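Dumped start_35.csv below, it's CSV, C-alpha atoms:
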chain,number,residue,atom,x,y,z
A,1,MET,CA,5.0,2.0,69.6
A,2,ASN,CA,8.3,3.4,68.4
A,3,THR,CA,10.0,6.7,69.0
A,4,ILE,CA,11.5,8.6,66.0
A,5,THR,CA,12.9,12.0,65.2
A,6,ILE,CA,11.3,14.0,62.5
A,7,LYS,CA,12.2,17.3,60.8
A,8,PRO,CA,9.7,20.2,60.7
A,9,ILE,CA,6.7,19.6,58.4
A,10,ASN,CA,4.7,22.4,56.7
A,11,ILE,CA,0.9,22.0,56.5
A,12,ILE,CA,-1.8,24.1,54.9
A,13,GLY,CA,-5.4,23.5,55.8
A,14,ILE,CA,-8.4,24.5,57.9
A,15,ALA,CA,-8.7,24.7,61.7
A,16,VAL,CA,-10.9,24.8,64.7
A,17,ARG,CA,-10.2,25.6,68.3
A,18,THR,CA,-11.8,22.9,70.5
A,19,THR,CA,-11.4,21.0,73.7
A,20,ASN,CA,-12.0,17.4,74.9
A,21,GLU,CA,-14.0,18.9,77.8
A,22,ASN,CA,-17.7,18.0,77.8
A,23,GLY,CA,-17.2,16.0,74.5
A,24,GLN,CA,-16.8,19.3,72.5
A,25,SER,CA,-14.1,17.9,70.2
A,26,ALA,CA,-16.4,14.9,69.4
A,27,ALA,CA,-18.7,17.5,67.7
A,28,ASP,CA,-16.1,20.0,66.4
A,29,ILE,CA,-13.7,17.6,64.7
A,30,PRO,CA,-16.2,15.6,62.6
A,31,LEU,CA,-17.6,19.0,61.4
A,32,LEU,CA,-14.1,20.1,60.4
A,33,TRP,CA,-13.6,16.8,58.5
A,34,ASN,CA,-16.9,17.2,56.8
A,35,ARG,CA,-16.0,20.8,55.7
A,36,PHE,CA,-12.6,19.5,54.5
A,37,PHE,CA,-14.3,17.0,52.2
A,38,THR,CA,-17.4,18.9,51.1
A,39,GLU,CA,-15.5,22.1,50.3
A,40,ASN,CA,-12.7,20.0,48.6
A,41,ILE,CA,-10.1,21.9,50.6
A,42,ALA,CA,-7.3,19.6,49.4
A,43,ALA,CA,-7.8,20.9,45.9
A,44,ARG,CA,-7.3,24.5,47.1
A,45,ILE,CA,-3.9,23.7,48.7
A,46,PRO,CA,-1.0,24.9,46.5
A,47,GLY,CA,2.3,23.0,46.3
A,48,LYS,CA,1.2,19.8,48.0
A,49,ILE,CA,4.0,17.3,48.4
A,50,SER,CA,1.6,14.3,48.6
A,51,GLU,CA,-2.1,13.4,48.7
A,52,GLU,CA,-1.8,12.3,52.4
A,53,VAL,CA,-4.1,14.2,54.8
A,54,TYR,CA,-2.8,15.4,58.1
A,55,SER,CA,-4.9,16.0,61.2
A,56,ILE,CA,-2.8,18.0,63.7
A,57,TYR,CA,-3.4,18.8,67.3
A,58,THR,CA,-1.5,21.9,68.4
A,59,ASP,CA,-1.5,25.1,70.4
A,60,TYR,CA,-2.4,23.2,73.6
A,61,GLU,CA,-3.5,25.5,76.4
A,62,LEU,CA,-2.0,22.9,78.9
A,63,ASP,CA,-2.6,19.3,78.0
A,64,TYR,CA,-5.2,17.1,76.2
A,65,THR,CA,-7.8,18.0,78.8
A,66,LYS,CA,-7.7,21.8,78.0
A,67,PRO,CA,-8.4,23.7,74.7
A,68,TYR,CA,-6.2,23.1,71.6
A,69,THR,CA,-6.3,23.7,67.9
A,70,THR,CA,-7.1,21.0,65.3
A,71,ILE,CA,-5.9,21.5,61.8
A,72,ILE,CA,-6.8,19.2,58.8
A,73,GLY,CA,-4.7,19.7,55.7
A,74,CYS,CA,-1.9,18.6,53.5
A,75,ARG,CA,1.8,18.7,53.6
A,76,VAL,CA,3.5,21.5,51.4
A,77,GLU,CA,7.0,22.5,50.6
A,78,GLN,CA,6.7,26.0,52.0
A,79,LEU,CA,4.1,28.3,53.6
A,80,THR,CA,4.6,31.3,51.2
A,81,ASP,CA,1.3,30.9,49.3
A,82,ILE,CA,-1.6,30.3,51.7
A,83,PRO,CA,-5.0,30.8,50.1
A,84,GLU,CA,-7.6,33.0,51.8
A,85,GLY,CA,-9.6,31.1,54.4
A,86,LEU,CA,-6.8,28.5,55.0
A,87,ILE,CA,-4.0,28.6,57.5
A,88,GLY,CA,-0.4,27.4,57.5
A,89,LYS,CA,1.3,25.6,60.4
A,90,VAL,CA,4.7,24.2,61.0
A,91,ILE,CA,4.8,20.9,62.9
A,92,GLY,CA,8.0,21.3,64.9
A,93,GLY,CA,10.7,18.7,64.5
A,94,GLY,CA,11.7,16.5,67.4
A,95,SER,CA,10.9,13.3,69.0
A,96,TYR,CA,7.6,11.6,68.3
A,97,THR,CA,6.3,8.3,69.6
A,98,THR,CA,4.3,6.5,66.8
A,99,PHE,CA,1.1,4.4,67.1
A,100,VAL,CA,-1.1,2.9,64.4
A,101,ALA,CA,-4.9,2.7,64.6
A,102,LYS,CA,-6.2,-0.3,62.6
A,103,GLY,CA,-9.7,-1.4,61.6
A,104,LYS,CA,-12.9,0.3,60.4
A,105,LEU,CA,-12.8,4.1,60.5
A,106,SER,CA,-16.5,4.0,61.3
A,107,ASP,CA,-15.7,2.1,64.5
A,108,GLN,CA,-13.8,5.2,65.7
A,109,ILE,CA,-10.4,3.4,65.7
A,110,VAL,CA,-8.5,6.7,65.8
A,111,PHE,CA,-10.4,8.0,68.8
A,112,THR,CA,-10.0,4.6,70.6
A,113,GLU,CA,-6.2,4.8,70.0
A,114,TRP,CA,-6.1,8.3,71.4
A,115,GLN,CA,-8.0,7.1,74.5
A,116,LYS,CA,-5.2,4.5,75.0
A,117,ILE,CA,-2.5,7.2,74.5
A,118,TRP,CA,-4.2,9.5,77.1
A,119,ASN,CA,-3.9,6.6,79.6
A,120,THR,CA,-0.2,6.0,79.0
A,121,ASP,CA,2.7,7.6,81.0
A,122,LEU,CA,4.3,9.0,77.9
A,123,PRO,CA,6.4,12.2,78.7
A,124,ARG,CA,4.3,14.2,76.2
A,125,ALA,CA,5.6,17.6,74.9
A,126,TYR,CA,2.2,19.1,74.0
A,127,THR,CA,3.7,21.0,71.1
A,128,SER,CA,2.1,19.2,68.1
A,129,ASP,CA,0.7,15.7,67.7
A,130,PHE,CA,-0.7,14.5,64.4
A,131,GLU,CA,-2.3,11.7,62.3
A,132,ILE,CA,-1.5,10.8,58.7
A,133,TYR,CA,-4.2,9.5,56.5
A,134,GLY,CA,-2.2,8.0,53.7
A,135,ALA,CA,-2.5,5.0,51.4
A,136,GLY,CA,-3.3,2.7,54.3
A,137,ALA,CA,-6.4,4.7,55.2
A,138,GLN,CA,-8.0,4.6,51.8
A,139,ASN,CA,-10.1,1.5,52.5
A,140,PRO,CA,-12.4,2.7,55.4
A,141,ASP,CA,-13.2,-0.9,56.3
A,142,GLN,CA,-9.5,-1.9,56.7
A,143,ALA,CA,-7.8,1.4,57.5
A,144,GLU,CA,-4.4,2.0,59.1
A,145,VAL,CA,-3.9,5.5,60.4
A,146,GLU,CA,-0.5,6.6,61.7
A,147,ILE,CA,-0.5,8.7,64.9
A,148,PHE,CA,2.6,10.7,66.0
A,149,VAL,CA,2.7,12.0,69.6
A,150,GLY,CA,5.3,14.6,70.4
A,151,VAL,CA,7.4,13.6,73.4
A,152,LYS,CA,10.0,15.4,75.5
A,153,GLU,CA,13.6,14.7,74.6
What do you get writing this file as structure tokens?
Amino acid sequence: MNTITIKPINIIGIAVRTTNENGQSAADIPLLWNRFFTENIAARIPGKISEEVYSIYTDYELDYTKPYTTIIGCRVEQLTDIPEGLIGKVIGGGSYTTFVAKGKLSDQIVFTEWQKIWNTDLPRAYTSDFEIYGAGAQNPDQAEVEIFVGVKE
């Protein structure tokens, strides 16, 4: 766990409005990931800076127990060319505490790490939080997924 300052990040991808209440996000988010891959959304994103995939949690109604928006997409230089059916979002710059989920993706390592985060006393900002699925996440049996949690400055 480390706290860093980041600059704003532009993302283009697909989104769903969900909530952790009654396990709704456990149904909605896997469906969003499935759509991202089956529809080859990454190939439709113009001006990608890298092949890393971002999963963003934003537009919180209050905190992680209330509705929020999940976006899965890729980082781009600018949001001037957003294809139909996709959305653009700016992850605000600021202070983020970082975590790393390690292990088998099929063992729900990312969700397990989030459960730990929810039980910390971090002074969360509830602006945008995100995960990066980069080179370390390519082997699903030995994955490393970076998690960035926005905190109050």
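In terms of minimum interatomic distance to Gln108 (chain A), A:Ala26 ranks closest within A:Leu31, A:Ala26, A:Lys48, A:Tyr133, counting all atoms listed in the file.
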Using all atoms listed in the file and a cutoff of 10 Å, can you tell me which residues are near (-5.9, 21.4, 77.2) in the file's coordinates, and write them out as a PyMOL selection string? chain A and resi 18-21+58-69+126
query = So which residues touch Pro140 (chain A) within 8 Å, counting all atoms listed in the file, skipping near sequence neighbours fewer than 6 positions away, as a list in words?
reply = Gly103, Lys104, Leu105 and Ser106 of chain A
*CA of Glu131 (chain A) to CA of Gln24 (chain A), straight-line distance in Å*: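 One can read the CA of Gln24 (chain A) to CA of Glu131 (chain A) distance as 19.3 Å.
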**Request:** Would you mind telling me which residue in A:Gly73, A:Pro83, A:Pro46, A:Gly93 lies nearest to Glu153 (chain A) when using all atoms listed in the file?
**Result:**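 Going through A:Gly73, A:Pro83, A:Pro46, A:Gly93 one by one, the smallest distance to Glu153 (chain A) is for A:Gly93.
Taking only C-alpha atoms into account, Ser50 (chain A) lies nearest to A:Ala135 out of the set A:Leu79, A:Leu122, A:Ala101, A:Ala135.
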Q. From the set A:Trp118, A:Phe130, A:Phe111, A:Tyr96, which residue has the shortest atom-to-atom contact distance to Thr5 (chain A), counting all atoms listed in the file?
A.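 Result for the nearest residue to Thr5 (chain A): A:Tyr96.
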If you count all atoms listed in the file, the residue of A:Lys7, A:Thr98, A:Thr38, A:Val151 closest to Thr127 (chain A) turns out to be A:Val151
For this session: Can you work out the spacing between CA of Ile4 (chain A) and CA of Gly150 (chain A) in Å, to one decimal?
Result: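 If I compute the distance from CA of Ile4 (chain A) to CA of Gly150 (chain A), I get 9.7 Å.
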